[in-house]
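Student: One structure is given below, represented as structure tokens, and several questions about it will come after.
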Amino acid sequence: MTSQTPRRARRRGRTAGVFAMAAAVVASPVLAAAPATADAPGYHLYVHGFLSDGLIGFHATDTAMPVPIPGAARSGIAAWPQAASPDGRLLYVASGAPAQLLAYTIEPDGRLTPLPGAALPLPDIPVDIAFAPDGRHAYLVLGVTNATVLPVTVTAGGAPVPAGPPVSFGASADGVSSAVVSPDGRHLYAASYLLDQIVLFDVDSEGRVSGERQRIGTGSGPIYPTITPDGRHLYIANERGTSLSGYAIAADGTLAELPASPFPAGQLPHVMSVTPDGTHLYVPNMGSNKVSAYTVADDGTLLPLPDAMVGDGPLGAQPEATAMSPSGDAVWVFATDPARAGQNTLRRYRIGAGGVLTQESVTTVDTGTRVADGRTLTLVPA
């Protein structure tokens, strides 16, 4: 386990960028990783690429070099999202070709074992997966247009089963959506990328989703909403708008934009992470080759900290997704290197005094996957 002291207890760039890269990159199978050491400390990291069929795992800590987990599981091609169950027993990945949800058991040593017969065919292209905190319910947002939410019940064995028909967002231009469930499990917030809005759905005790209850404006191209651990604030990356929008969450789940929102970010901001104590937030910017860092004030205002570069200057790797260490002392960044035909890299940053990031170049590893786009990085406590 880590020896560090724990801290106090998300389409122009998206769709056009991916398919432009696809024209130049030929997907190739992922080779099996080298054997892991006997002592697998800390946590597991899982990555996949949009243009490569493979889920790759690593044993990791806040201090040591990541160690590959043997083997690779299928992710499917054109896979945007993956997500782990809240208890860390299961990992799910949704592919676009074919449209299906795949389920894996996470073994104690981190290996992924397919759940027999658990592949769930989907009626449209899956864009994101959001779990309820209880782990019994999950929500897939589907469709490039005419977006819907498909509620799923997770059986005791881990198999995903539809909990009813897909629920429409309500507008034909809704689409390319990403989502998050509130910490109390009562609300689902989903981005409407094409309409520049967040849509609020209520969730009942059986995991059923209501029709839309609120729509509120965002910046341009909203993706990957994130809620602070205390459930008081929601932030979303505006991919086309080089900014983040921030909102206060009322007791009934409705959103009100913060007075200082939007907050400046880099170009093409993507999947952000918040420290466990809710005091700092980190956003990878694919178009700026850097991670933006912020202090989260008590009223939700984001106060900028120094940026952390990814690679060497403006031609470095393009950071797409982040994952926060359970201790809050490190953040992992998953990136695409266009100079190497879209190969992906994984690197760790230390979170220092005041939340400032320091890159640890010695922990940068090639993953064997290609083109990160979506929720392509998951951290699971061991």
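Following the order of the structure tokens, first chain is A, next is B, and so on, with residues numbered from 1 inside each chain and ligands from 1 in the order they appear.
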Among segment 299-331 of chain A, which residues does DSSP mark as strand (DSSP E or B) when it is run on the backbone? Keep the chain and numbering as in the structure and answer as a PyMOL selection string.

Tutor: chain A and resi 302-309+318-324+330-331

Student: Identify, on the basis of only C-alpha atoms, every residue whose closest approach to Ala60 of chain A does not exceed 6 Å; exclude the query and any residue fewer than 2 positions from it along the same chain; express the result as a list in words.

Tutor: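 Contacts, with the query itself left out: Gly42, Tyr43, His44 and Pro66 of chain A.
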
Student: Which residue gives the smallest distance to Leu90 of chain A among A:Val371, A:Val167, A:Ala159, A:Val271, with only C-alpha atoms counted?

Tutor: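 Comparing A:Val371, A:Val167, A:Ala159, A:Val271 against Leu90 of chain A, the winner is A:Ala159.
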
Student: Per residue of segment 197-227 of chain A within 12 Å of segment 274-288 of chain A, record the nearest atom pair and its distance in Å to one decimal, counting only C-alpha atoms, with rows in chain order and ascending residue number, as JSON lines.

Tutor:
```
{"residue": "A:Ile223", "atom": "CA", "partner": "A:Val283", "partner_atom": "CA", "distance": 11.8}
{"residue": "A:Tyr224", "atom": "CA", "partner": "A:Val283", "partner_atom": "CA", "distance": 10.6}
{"residue": "A:Pro225", "atom": "CA", "partner": "A:Val274", "partner_atom": "CA", "distance": 11.4}
{"residue": "A:Thr226", "atom": "CA", "partner": "A:Val274", "partner_atom": "CA", "distance": 8.0}
{"residue": "A:Ile227", "atom": "CA", "partner": "A:Val274", "partner_atom": "CA", "distance": 8.3}
```

Student: Give the answer as one residue: which of A:Leu91, A:Leu258, A:Val141, A:Val296 has the shortest atom-to-atom distance to Pro229 of chain A, using only C-alpha atoms?

Tutor: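 Closest to Pro229 of chain A of all the choices is A:Val296.
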
Student: Of the candidates A:Thr242, A:Gln197, A:Thr376, A:Thr336, which one gets nearest to Pro81 of chain A if we count only C-alpha atoms?

Tutor: A:Thr376

Student: Could you check which of A:Gly300, A:Gly368, A:Pro326, A:Lys290 is closest to Gly71 of chain A, using only C-alpha atoms?

Tutor: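 When distances to Gly71 of chain A are compared using only C-alpha atoms, the smallest one comes from A:Gly368.
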
Student: Between atom CA of Ala83 of chain A and atom CA of Leu140 of chain A, measure the distance and give it in Å to one decimal.

Tutor: 10.6 Å

Student: Figure out the distance between atom CA of Leu122 of chain A and atom CA of Asn238 of chain A, please, to one decimal in Å.

Tutor: 27.4 Å

Student: Run DSSP on the backbone of this structure and report the residues of segment 196-351 of chain A it assigns to helix (DSSP H, G or I), as a list in words.

Tutor: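 Selecting the helix (DSSP H, G or I) positions of segment 196-351 of chain A gives Gly313, Pro314, Leu315, Pro338, Ala339 and Arg340 of chain A.
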
Student: Can you write just those residues out, all heavy atoms, as a PDB file, in the first residue's frame?

Tutor:
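Output file selection_16.pdb follows:
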```
ATOM      1  N   GLY A 313       6.093  20.354 -24.130  1.00  0.00           N
ATOM      2  CA  GLY A 313       5.568  21.507 -24.832  1.00  0.00           C
ATOM      3  C   GLY A 313       4.322  21.223 -25.644  1.00  0.00           C
ATOM      4  O   GLY A 313       3.636  20.210 -25.452  1.00  0.00           O
ATOM      5  N   PRO A 314       4.001  22.109 -26.624  1.00  0.00           N
ATOM      6  CA  PRO A 314       2.725  22.043 -27.341  1.00  0.00           C
ATOM      7  C   PRO A 314       2.597  20.837 -28.260  1.00  0.00           C
ATOM      8  O   PRO A 314       1.497  20.523 -28.708  1.00  0.00           O
ATOM      9  CB  PRO A 314       2.714  23.343 -28.148  1.00  0.00           C
ATOM     10  CG  PRO A 314       4.152  23.732 -28.284  1.00  0.00           C
ATOM     11  CD  PRO A 314       4.793  23.284 -27.007  1.00  0.00           C
ATOM     12  N   LEU A 315       3.697  20.144 -28.568  1.00  0.00           N
ATOM     13  CA  LEU A 315       3.627  18.969 -29.428  1.00  0.00           C
ATOM     14  C   LEU A 315       3.634  17.674 -28.630  1.00  0.00           C
ATOM     15  O   LEU A 315       3.849  16.600 -29.181  1.00  0.00           O
ATOM     16  CB  LEU A 315       4.796  18.976 -30.423  1.00  0.00           C
ATOM     17  CG  LEU A 315       4.844  20.174 -31.369  1.00  0.00           C
ATOM     18  CD1 LEU A 315       6.044  20.071 -32.304  1.00  0.00           C
ATOM     19  CD2 LEU A 315       3.551  20.293 -32.167  1.00  0.00           C
ATOM     20  N   PRO A 338      -0.094  11.909 -30.770  1.00  0.00           N
ATOM     21  CA  PRO A 338      -0.323  11.908 -32.223  1.00  0.00           C
ATOM     22  C   PRO A 338       0.954  11.684 -33.018  1.00  0.00           C
ATOM     23  O   PRO A 338       0.896  11.226 -34.161  1.00  0.00           O
ATOM     24  CB  PRO A 338      -0.909  13.300 -32.478  1.00  0.00           C
ATOM     25  CG  PRO A 338      -0.454  14.134 -31.344  1.00  0.00           C
ATOM     26  CD  PRO A 338      -0.356  13.219 -30.165  1.00  0.00           C
ATOM     27  N   ALA A 339       2.108  12.000 -32.428  1.00  0.00           N
ATOM     28  CA  ALA A 339       3.367  11.798 -33.134  1.00  0.00           C
ATOM     29  C   ALA A 339       3.724  10.321 -33.256  1.00  0.00           C
ATOM     30  O   ALA A 339       4.614   9.956 -34.027  1.00  0.00           O
ATOM     31  CB  ALA A 339       4.492  12.550 -32.419  1.00  0.00           C
ATOM     32  N   ARG A 340       3.022   9.468 -32.498  1.00  0.00           N
ATOM     33  CA  ARG A 340       3.278   8.025 -32.535  1.00  0.00           C
ATOM     34  C   ARG A 340       2.019   7.265 -32.914  1.00  0.00           C
ATOM     35  O   ARG A 340       1.662   6.260 -32.321  1.00  0.00           O
ATOM     36  CB  ARG A 340       3.831   7.543 -31.194  1.00  0.00           C
ATOM     37  CG  ARG A 340       5.208   8.144 -30.865  1.00  0.00           C
ATOM     38  CD  ARG A 340       5.886   7.433 -29.721  1.00  0.00           C
ATOM     39  NE  ARG A 340       5.107   7.517 -28.497  1.00  0.00           N
ATOM     40  CZ  ARG A 340       4.862   6.498 -27.686  1.00  0.00           C
ATOM     41  NH1 ARG A 340       5.312   5.297 -27.987  1.00  0.00           N
ATOM     42  NH2 ARG A 340       4.161   6.668 -26.589  1.00  0.00           N
TER      43      ARG A 340
END
```

Student: Go through A:Ile106, A:Val199, A:Leu142, A:Ala119 and flag the residue nearest Ser75 of chain A, using only C-alpha atoms for the distances.

Tutor: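 Smallest distance to Ser75 of chain A is found for A:Ala119.
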
Student: So what do you get for atom CA of Asp196 of chain A versus atom CA of Ser220 of chain A, distance-wise?

Tutor: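 Computing it gives 5.5 Å between the two atoms.
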
Student: Write out as a PyMOL selection string which residues come within 8 Å of Val380 of chain A when counting only C-alpha atoms, dropping same-chain ones fewer than 2 positions away.

Tutor: chain A and resi 43-45+84+88+378+382

Student: Suppose we keep all heavy atoms; can you now write the selection as a JSON list (two decimals), in the first residue's frame?

Tutor:
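Written file, selection-v4.json:
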```json
[["chain", "number", "residue", "atom", "x", "y", "z"],
["A", 43, "TYR", "N", -3.61, -0.14, -5.82],
["A", 43, "TYR", "CA", -4.87, -0.13, -6.57],
["A", 43, "TYR", "C", -4.59, -0.61, -7.99],
["A", 43, "TYR", "O", -3.44, -0.78, -8.40],
["A", 43, "TYR", "CB", -5.50, 1.26, -6.57],
["A", 43, "TYR", "CG", -4.53, 2.41, -6.75],
["A", 43, "TYR", "CD1", -4.10, 2.81, -8.01],
["A", 43, "TYR", "CD2", -4.03, 3.10, -5.65],
["A", 43, "TYR", "CE1", -3.22, 3.86, -8.17],
["A", 43, "TYR", "CE2", -3.14, 4.16, -5.79],
["A", 43, "TYR", "CZ", -2.73, 4.53, -7.05],
["A", 43, "TYR", "OH", -1.85, 5.58, -7.21],
["A", 44, "HIS", "N", -5.67, -0.83, -8.74],
["A", 44, "HIS", "CA", -5.56, -1.25, -10.13],
["A", 44, "HIS", "C", -6.00, -0.09, -11.03],
["A", 44, "HIS", "O", -6.95, 0.63, -10.73],
["A", 44, "HIS", "CB", -6.45, -2.46, -10.42],
["A", 44, "HIS", "CG", -6.25, -3.60, -9.47],
["A", 44, "HIS", "ND1", -5.01, -4.12, -9.16],
["A", 44, "HIS", "CD2", -7.15, -4.34, -8.77],
["A", 44, "HIS", "CE1", -5.14, -5.12, -8.31],
["A", 44, "HIS", "NE2", -6.43, -5.27, -8.05],
["A", 45, "LEU", "N", -5.31, 0.05, -12.16],
["A", 45, "LEU", "CA", -5.69, 1.00, -13.20],
["A", 45, "LEU", "C", -6.04, 0.21, -14.46],
["A", 45, "LEU", "O", -5.32, -0.71, -14.84],
["A", 45, "LEU", "CB", -4.55, 1.97, -13.51],
["A", 45, "LEU", "CG", -4.09, 2.89, -12.38],
["A", 45, "LEU", "CD1", -2.79, 3.59, -12.77],
["A", 45, "LEU", "CD2", -5.17, 3.93, -12.07],
["A", 84, "ALA", "N", -16.23, 1.01, -13.36],
["A", 84, "ALA", "CA", -16.20, -0.05, -12.37],
["A", 84, "ALA", "C", -17.39, 0.10, -11.43],
["A", 84, "ALA", "O", -17.87, 1.20, -11.17],
["A", 84, "ALA", "CB", -14.91, 0.00, -11.56],
["A", 88, "GLY", "N", -15.89, -2.19, -6.53],
["A", 88, "GLY", "CA", -14.64, -2.61, -7.13],
["A", 88, "GLY", "C", -14.59, -4.06, -7.56],
["A", 88, "GLY", "O", -13.52, -4.57, -7.90],
["A", 378, "THR", "N", -9.88, 3.96, -15.59],
["A", 378, "THR", "CA", -10.60, 3.66, -14.35],
["A", 378, "THR", "C", -9.62, 3.21, -13.27],
["A", 378, "THR", "O", -8.73, 2.41, -13.54],
["A", 378, "THR", "CB", -11.66, 2.55, -14.57],
["A", 378, "THR", "OG1", -12.62, 2.99, -15.54],
["A", 378, "THR", "CG2", -12.38, 2.23, -13.27],
["A", 382, "ALA", "N", -7.46, -1.88, -4.66],
["A", 382, "ALA", "CA", -7.16, -3.33, -4.60],
["A", 382, "ALA", "C", -7.71, -3.92, -3.32],
["A", 382, "ALA", "O", -7.89, -3.22, -2.32],
["A", 382, "ALA", "CB", -5.67, -3.55, -4.69]]
```

Student: So that I can see what lies close to Tyr104 of chain A, please list as a PyMOL selection string the residues with an atom at most 9 Å from it, counting only C-alpha atoms and leaving out residues fewer than 2 positions away in the same chain.

Tutor: chain A and resi 73+89-93+102+106+112-116+118+158

Student: For the selection just defined, write its residues with N, CA, C and O atoms to a file, as a tab-separated table (two decimals), in the first residue's frame.

Tutor:
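Output (selection_13.tsv):
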```tsv
chain	number	residue	atom	x	y	z
A	73	ALA	N	-8.24	-8.01	-21.77
A	73	ALA	CA	-9.64	-8.36	-21.99
A	73	ALA	C	-10.17	-7.55	-23.16
A	73	ALA	O	-9.66	-6.48	-23.49
A	89	ARG	N	-15.74	-4.76	-7.61
A	89	ARG	CA	-15.75	-6.17	-8.00
A	89	ARG	C	-15.87	-6.39	-9.49
A	89	ARG	O	-15.50	-7.45	-10.00
A	90	LEU	N	-16.42	-5.40	-10.22
A	90	LEU	CA	-16.79	-5.59	-11.61
A	90	LEU	C	-16.34	-4.41	-12.45
A	90	LEU	O	-16.31	-3.27	-11.98
A	91	LEU	N	-16.01	-4.69	-13.72
A	91	LEU	CA	-15.65	-3.65	-14.67
A	91	LEU	C	-16.50	-3.83	-15.91
A	91	LEU	O	-16.65	-4.95	-16.42
A	92	TYR	N	-17.05	-2.73	-16.40
A	92	TYR	CA	-17.91	-2.75	-17.58
A	92	TYR	C	-17.33	-1.83	-18.65
A	92	TYR	O	-16.80	-0.75	-18.33
A	93	VAL	N	-17.42	-2.26	-19.91
A	93	VAL	CA	-16.99	-1.43	-21.02
A	93	VAL	C	-18.04	-1.56	-22.13
A	93	VAL	O	-18.57	-2.65	-22.37
A	102	LEU	N	-20.11	-5.01	-22.17
A	102	LEU	CA	-19.38	-6.19	-21.73
A	102	LEU	C	-19.10	-6.07	-20.24
A	102	LEU	O	-18.83	-4.97	-19.74
A	106	ILE	N	-13.46	-8.48	-11.61
A	106	ILE	CA	-12.10	-8.09	-11.27
A	106	ILE	C	-11.59	-9.05	-10.20
A	106	ILE	O	-12.07	-9.05	-9.07
A	112	LEU	N	-8.92	-9.61	-15.32
A	112	LEU	CA	-10.32	-9.47	-15.70
A	112	LEU	C	-10.83	-10.79	-16.28
A	112	LEU	O	-10.24	-11.33	-17.23
A	113	THR	N	-11.92	-11.30	-15.72
A	113	THR	CA	-12.54	-12.53	-16.18
A	113	THR	C	-13.91	-12.21	-16.76
A	113	THR	O	-14.76	-11.64	-16.05
A	114	PRO	N	-14.17	-12.54	-18.04
A	114	PRO	CA	-15.49	-12.25	-18.61
A	114	PRO	C	-16.61	-12.96	-17.85
A	114	PRO	O	-16.47	-14.13	-17.45
A	115	LEU	N	-17.71	-12.26	-17.62
A	115	LEU	CA	-18.89	-12.89	-17.04
A	115	LEU	C	-19.60	-13.67	-18.13
A	115	LEU	O	-20.03	-13.09	-19.13
A	116	PRO	N	-19.74	-14.98	-18.00
A	116	PRO	CA	-20.35	-15.79	-19.07
A	116	PRO	C	-21.77	-15.32	-19.38
A	116	PRO	O	-22.60	-15.13	-18.49
A	118	ALA	N	-22.94	-12.52	-20.21
A	118	ALA	CA	-23.35	-11.23	-19.65
A	118	ALA	C	-23.31	-10.08	-20.66
A	118	ALA	O	-23.69	-8.97	-20.33
A	158	GLY	N	-23.49	-9.95	-11.13
A	158	GLY	CA	-22.82	-8.91	-11.89
A	158	GLY	C	-23.34	-8.68	-13.28
A	158	GLY	O	-22.90	-7.74	-13.96
```
